[in-house]
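Trainee: Dropping in data_37.cif, which is mmCIF, C-alpha atoms:
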data_start
loop_
_atom_site.label_atom_id
_atom_site.label_comp_id
_atom_site.auth_asym_id
_atom_site.auth_seq_id
_atom_site.Cartn_x
_atom_site.Cartn_y
_atom_site.Cartn_z
CA MET F 182 5.22 -7.35 -27.97
CA VAL F 183 8.83 -8.24 -28.52
CA GLY F 184 10.95 -7.92 -25.39
CA SER F 185 8.12 -7.24 -23.00
CA ARG F 186 8.13 -8.92 -19.60
CA PRO F 187 5.25 -10.91 -18.24
CA ARG F 188 3.39 -9.27 -15.38
CA LEU F 189 2.19 -10.89 -12.21
CA PHE F 190 -0.46 -9.21 -10.08
CA VAL F 191 -0.65 -10.36 -6.46
CA ILE F 192 -3.92 -9.21 -4.92
CA VAL F 193 -4.50 -9.69 -1.20
CA ASP F 194 -7.91 -8.70 0.16
CA GLU F 195 -8.14 -8.20 3.92
CA PHE F 196 -4.39 -8.06 4.26
CA SER F 197 -4.87 -7.47 7.98
CA ASP F 198 -6.12 -11.06 8.46
CA LEU F 199 -3.06 -12.40 6.68
CA ILE F 200 -0.49 -10.28 8.53
CA ILE F 201 -2.03 -11.02 11.93
CA SER F 202 -1.75 -14.79 11.29
CA ASP F 203 2.08 -14.68 10.90
CA ARG F 204 3.47 -11.14 10.98
CA GLU F 205 7.17 -11.93 10.68
CA PHE F 206 6.80 -14.33 7.75
CA PHE F 207 4.50 -12.11 5.68
CA GLU F 208 6.38 -8.86 6.42
CA ASP F 209 9.62 -10.49 5.24
CA ALA F 210 7.96 -12.03 2.19
CA PHE F 211 6.28 -8.81 1.04
CA GLU F 212 9.44 -6.79 1.72
CA LYS F 213 11.44 -9.15 -0.52
CA ILE F 214 8.82 -9.09 -3.25
CA SER F 215 8.59 -5.29 -3.21
CA ALA F 216 12.39 -4.99 -3.42
CA VAL F 217 12.43 -6.78 -6.80
CA SER F 218 8.98 -5.87 -8.08
CA ASP F 219 10.14 -3.15 -10.49
CA ARG F 220 12.66 -5.43 -12.15
CA THR F 221 10.45 -8.50 -12.30
CA GLY F 222 7.02 -7.12 -13.25
CA ILE F 223 5.33 -8.05 -9.98
CA PHE F 224 2.57 -5.76 -8.78
CA LEU F 225 1.33 -6.02 -5.18
CA ILE F 226 -2.18 -4.89 -4.33
CA LEU F 227 -2.78 -5.06 -0.58
CA ALA F 228 -6.27 -4.16 0.64
CA SER F 229 -7.63 -3.89 4.14
CA SER F 230 -10.64 -2.37 5.82
CA LYS F 231 -8.44 -1.76 8.88
CA ALA F 232 -5.99 1.10 8.50
CA VAL F 233 -4.00 0.42 11.64
CA GLU F 234 -0.29 0.61 12.26
CA ASP F 235 -0.25 -2.96 13.58
CA VAL F 236 -1.13 -4.12 10.05
CA PHE F 237 0.69 -1.60 7.84
CA THR F 238 3.90 -1.45 9.84
CA GLN F 239 6.79 0.90 9.16
CA LYS F 240 8.66 -2.03 7.61
CA LEU F 241 5.89 -2.54 5.04
CA ARG F 242 5.26 1.17 4.43
CA HIS F 243 8.93 1.69 3.63
CA GLY F 244 8.54 -0.46 0.49
CA ARG F 245 8.12 0.99 -2.97
CA PHE F 246 4.35 1.12 -2.96
CA GLU F 247 2.02 3.65 -4.47
CA ARG F 248 -0.91 3.99 -2.13
CA VAL F 249 -4.63 4.50 -2.68
CA ALA F 250 -6.98 5.65 0.05
CA PHE F 251 -10.73 5.79 -0.23
CA ARG F 252 -12.73 7.60 2.45
CA VAL F 253 -11.31 6.87 5.89
CA SER F 254 -12.71 7.74 9.30
CA SER F 255 -9.86 9.89 10.63
CA VAL F 256 -6.90 12.07 9.74
CA GLU F 257 -4.61 9.50 11.39
CA ASP F 258 -5.84 6.77 9.02
CA SER F 259 -5.26 9.03 6.01
CA VAL F 260 -1.72 9.85 7.16
CA LEU F 261 -1.00 6.17 7.76
CA ILE F 262 -2.12 5.18 4.26
CA ILE F 263 -1.02 8.01 1.96
CA GLY F 264 1.31 10.05 4.14
CA GLU F 265 -0.89 13.12 4.56
CA SER F 266 -4.41 14.14 5.47
CA GLY F 267 -7.25 14.45 2.98
CA ALA F 268 -8.79 10.99 2.59
CA GLU F 269 -11.04 11.64 5.59
CA GLU F 270 -12.70 14.49 3.64
CA LEU F 271 -13.64 12.53 0.52
CA VAL F 272 -17.39 12.57 -0.02
CA LYS F 273 -18.23 11.27 -3.50
CA PRO F 274 -18.59 7.50 -3.91
CA GLY F 275 -15.48 6.06 -5.54
CA SER F 276 -13.34 9.14 -4.83
CA CYS F 277 -9.82 8.39 -3.73
CA LEU F 278 -6.43 9.92 -3.10
CA VAL F 279 -3.30 8.33 -4.51
CA GLY F 280 -0.05 8.64 -2.59
CA ILE F 281 3.16 8.55 -4.61
CA ARG F 282 6.72 8.66 -3.35
CA VAL F 283 8.53 11.80 -4.46
CA ASP F 284 11.63 11.31 -2.30
CA GLU F 285 13.04 8.73 0.13
CA ASP F 286 10.67 9.65 2.95
CA VAL F 287 8.35 12.15 1.27
CA TRP F 288 4.90 11.22 -0.06
CA LYS F 289 2.57 13.37 -2.14
CA ALA F 290 -1.18 12.79 -2.42
CA LEU F 291 -2.83 13.36 -5.80
#
Go through the file and emit its structure as structure tokens.
Mentor:
Amino acid sequence: MVGSRPRLFVIVDEFSDLIISDREFFEDAFEKISAVSDRTGIFLILASSKAVEDVFTQKLRHGRFERVAFRVSSVEDSVLIIGESGAEELVKPGSCLVGIRVDEDVWKAL
């Protein structure tokens, strides 16, 4: 395609292990990447089996991320990931809710 940008996908599995090793460094790095990701074609995929606020801090959640939640164990985990409840009620294997930003601080689950 003429004029298309290359795309770079950064996939981090068990993001919690990475962020716990050096929180300040990785929070700053991912915040900077997310700030330019739309303009540069960088896509961040951060996965963790631990939906805790110590891992997905307010600083990280404020970035321009769309969020995907599979079944979680509690309403609090669902709210942390996608901004509202619902992911705790998913029953079919592979079902998920996708959180998209509709306003500065408002998320909508689809």
Trainee: Looking at all atoms listed in the file, which of F:Phe211, F:Phe206, F:Leu227, F:Glu234 is the one that sits closest to Asp194 of chain F?
Mentor: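 Selected residue with least distance to Asp194 of chain F: F:Leu227.
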Trainee: Between atom CA of Ile223 of chain F and atom CA of Ile262 of chain F, what is the distance, to one decimal in Å?
Mentor: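 Atom-to-atom, atom CA of Ile223 of chain F to atom CA of Ile262 of chain F, that is 20.8 Å.
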Trainee: When you look at Ser197 of chain F with a cut-off of 12 Å (counting only C-alpha atoms), what residues show up, excluding the ones that are within fewer than 2 positions of it in the same chain? I need them as a ChimeraX atom specification.
Mentor: /F:193-195,199-204,207-208,227-238
Trainee: Could you tell me which residues the PyMOL selection byres ((chain F and resi 269) around 6) returns for this structure, as a ChimeraX atom specification?
Mentor: /F:252-256,267-268,270-271
Trainee: Counting only C-alpha atoms, figure out which residue out of F:Ile263, F:Val249, F:Leu189, F:Leu241 gets nearest to Arg220 of chain F.
Mentor: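 For Arg220 of chain F, the nearest of the given residues is F:Leu189.
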Trainee: From (6.7, -6.2, 2.4), in the file's coordinates, out to 9 Å: which residues are reached, counting all atoms listed in the file? Answer as a PyMOL selection string.
Mentor: chain F and resi 207-216+240-244
Trainee: Could you pull the residues within 10 Å of Ser266 of chain F, counting all atoms listed in the file, minus those fewer than 5 positions along the same chain, as a PDB file with C-alpha atoms, in the coordinates of the input?
Mentor:
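Writing the result to selection26.pdb gives the following:
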ATOM      1  CA  SER F 255      -9.860   9.890  10.630  1.00  0.00           C
ATOM      2  CA  VAL F 256      -6.900  12.070   9.740  1.00  0.00           C
ATOM      3  CA  GLU F 257      -4.610   9.500  11.390  1.00  0.00           C
ATOM      4  CA  ASP F 258      -5.840   6.770   9.020  1.00  0.00           C
ATOM      5  CA  SER F 259      -5.260   9.030   6.010  1.00  0.00           C
ATOM      6  CA  VAL F 260      -1.720   9.850   7.160  1.00  0.00           C
ATOM      7  CA  LEU F 261      -1.000   6.170   7.760  1.00  0.00           C
ATOM      8  CA  LEU F 278      -6.430   9.920  -3.100  1.00  0.00           C
ATOM      9  CA  ALA F 290      -1.180  12.790  -2.420  1.00  0.00           C
TER      10      ALA F 290
END
Trainee: Pick out the closest residue to Ile226 of chain F from this set: F:Phe196, F:Lys273, F:Val279, F:Arg186. Count only C-alpha atoms.
Mentor: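 For Ile226 of chain F, the nearest of the given residues is F:Phe196.
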Trainee: Closest to Cys277 of chain F among F:Ser185, F:Leu225, F:Gly264, F:Ala250, using all atoms listed in the file?
Mentor: F:Ala250
Trainee: Interatomic distance between atom CA of Phe251 of chain F and atom CA of Pro187 of chain F?
Mentor: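 Here the two named atoms are 29.3 Å from each other.
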Trainee: Between atom CA of Glu247 of chain F and atom CA of Gly280 of chain F, what is the distance in Å, rounded to a tenth?
Mentor: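 Result for atom CA of Glu247 of chain F versus atom CA of Gly280 of chain F: 5.7 Å, one decimal.
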Trainee: Closest to Arg188 of chain F among F:Phe224, F:Val217, F:Glu205, F:Gly275, using only C-alpha atoms?
Mentor: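 Of F:Phe224, F:Val217, F:Glu205, F:Gly275, the one nearest Arg188 of chain F is F:Phe224, counting only C-alpha atoms.
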Trainee: Taking only C-alpha atoms, show segment 190-291 of chain F of the given structure as a short mmCIF file (atom, residue, chain, number, x, y, z; two decimals), in the first residue's frame.
Mentor:
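Writing the result to decode.cif gives the following:
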data_model
loop_
_atom_site.label_atom_id
_atom_site.label_comp_id
_atom_site.auth_asym_id
_atom_site.auth_seq_id
_atom_site.Cartn_x
_atom_site.Cartn_y
_atom_site.Cartn_z
CA PHE F 190 2.89 -4.81 18.01
CA VAL F 191 4.38 -4.95 21.51
CA ILE F 192 2.95 -7.91 23.39
CA VAL F 193 3.72 -8.34 27.08
CA ASP F 194 2.40 -11.47 28.78
CA GLU F 195 2.27 -11.41 32.58
CA PHE F 196 2.71 -7.66 32.65
CA SER F 197 2.45 -7.82 36.43
CA ASP F 198 5.85 -9.56 36.66
CA LEU F 199 7.42 -6.84 34.54
CA ILE F 200 5.88 -3.89 36.39
CA ILE F 201 6.76 -5.31 39.81
CA SER F 202 10.43 -5.63 38.80
CA ASP F 203 10.83 -1.86 38.14
CA ARG F 204 7.56 0.04 38.44
CA GLU F 205 8.82 3.56 37.79
CA PHE F 206 10.83 2.66 34.69
CA PHE F 207 8.10 0.60 33.01
CA GLU F 208 5.24 2.98 33.91
CA ASP F 209 7.18 5.86 32.35
CA ALA F 210 8.15 3.81 29.29
CA PHE F 211 4.62 2.57 28.59
CA GLU F 212 3.15 6.02 29.22
CA LYS F 213 5.52 7.52 26.62
CA ILE F 214 4.80 4.77 24.11
CA SER F 215 1.04 5.11 24.53
CA ALA F 216 1.26 8.89 24.06
CA VAL F 217 2.68 8.47 20.53
CA SER F 218 1.16 5.12 19.61
CA ASP F 219 -1.62 6.53 17.38
CA ARG F 220 0.81 8.58 15.33
CA THR F 221 3.51 5.93 15.06
CA GLY F 222 1.57 2.69 14.50
CA ILE F 223 2.58 1.08 17.79
CA PHE F 224 0.06 -1.23 19.41
CA LEU F 225 0.52 -2.27 23.05
CA ILE F 226 -1.00 -5.52 24.26
CA LEU F 227 -0.53 -5.91 28.01
CA ALA F 228 -1.78 -9.15 29.56
CA SER F 229 -1.87 -10.24 33.17
CA SER F 230 -3.63 -12.89 35.20
CA LYS F 231 -3.59 -10.45 38.13
CA ALA F 232 -6.09 -7.62 37.84
CA VAL F 233 -4.81 -5.57 40.75
CA GLU F 234 -4.42 -1.84 41.11
CA ASP F 235 -0.76 -2.25 42.07
CA VAL F 236 -0.11 -3.50 38.53
CA PHE F 237 -2.56 -1.47 36.44
CA THR F 238 -2.05 1.84 38.20
CA GLN F 239 -4.02 5.01 37.53
CA LYS F 240 -1.03 6.32 35.57
CA LEU F 241 -1.19 3.36 33.17
CA ARG F 242 -4.99 3.25 32.97
CA HIS F 243 -5.07 6.90 31.95
CA GLY F 244 -3.34 6.01 28.66
CA ARG F 245 -5.18 5.60 25.39
CA PHE F 246 -5.84 1.90 25.70
CA GLU F 247 -8.82 -0.11 24.61
CA ARG F 248 -9.33 -2.82 27.19
CA VAL F 249 -10.42 -6.44 26.97
CA ALA F 250 -11.60 -8.43 29.97
CA PHE F 251 -12.30 -12.13 29.98
CA ARG F 252 -14.08 -13.67 32.96
CA VAL F 253 -12.81 -12.17 36.20
CA SER F 254 -13.51 -13.21 39.77
CA SER F 255 -15.08 -10.01 41.08
CA VAL F 256 -16.90 -6.81 40.18
CA GLU F 257 -13.87 -4.84 41.40
CA ASP F 258 -11.61 -6.60 38.88
CA SER F 259 -14.06 -5.87 36.07
CA VAL F 260 -14.25 -2.18 37.02
CA LEU F 261 -10.45 -1.99 37.22
CA ILE F 262 -10.01 -3.45 33.74
CA ILE F 263 -12.88 -2.08 31.64
CA GLY F 264 -14.33 0.66 33.82
CA GLU F 265 -17.61 -1.04 34.69
CA SER F 266 -19.03 -4.31 35.95
CA GLY F 267 -19.99 -7.21 33.73
CA ALA F 268 -16.85 -9.27 33.12
CA GLU F 269 -17.50 -11.21 36.33
CA GLU F 270 -20.74 -12.54 34.79
CA LEU F 271 -19.27 -13.95 31.58
CA VAL F 272 -19.90 -17.68 31.33
CA LYS F 273 -19.10 -18.91 27.81
CA PRO F 274 -15.48 -19.85 27.07
CA GLY F 275 -13.79 -17.09 25.08
CA SER F 276 -16.45 -14.48 25.93
CA CYS F 277 -15.10 -11.05 26.68
CA LEU F 278 -16.06 -7.44 27.20
CA VAL F 279 -14.19 -4.67 25.41
CA GLY F 280 -13.84 -1.30 27.10
CA ILE F 281 -13.51 1.73 24.85
CA ARG F 282 -12.97 5.34 25.85
CA VAL F 283 -15.92 7.53 24.91
CA ASP F 284 -14.77 10.64 26.77
CA GLU F 285 -11.78 11.80 28.83
CA ASP F 286 -12.73 9.76 31.90
CA VAL F 287 -15.69 7.74 30.65
CA TRP F 288 -15.40 4.12 29.49
CA LYS F 289 -18.07 2.01 27.81
CA ALA F 290 -18.07 -1.79 27.75
CA LEU F 291 -19.22 -3.54 24.57
#
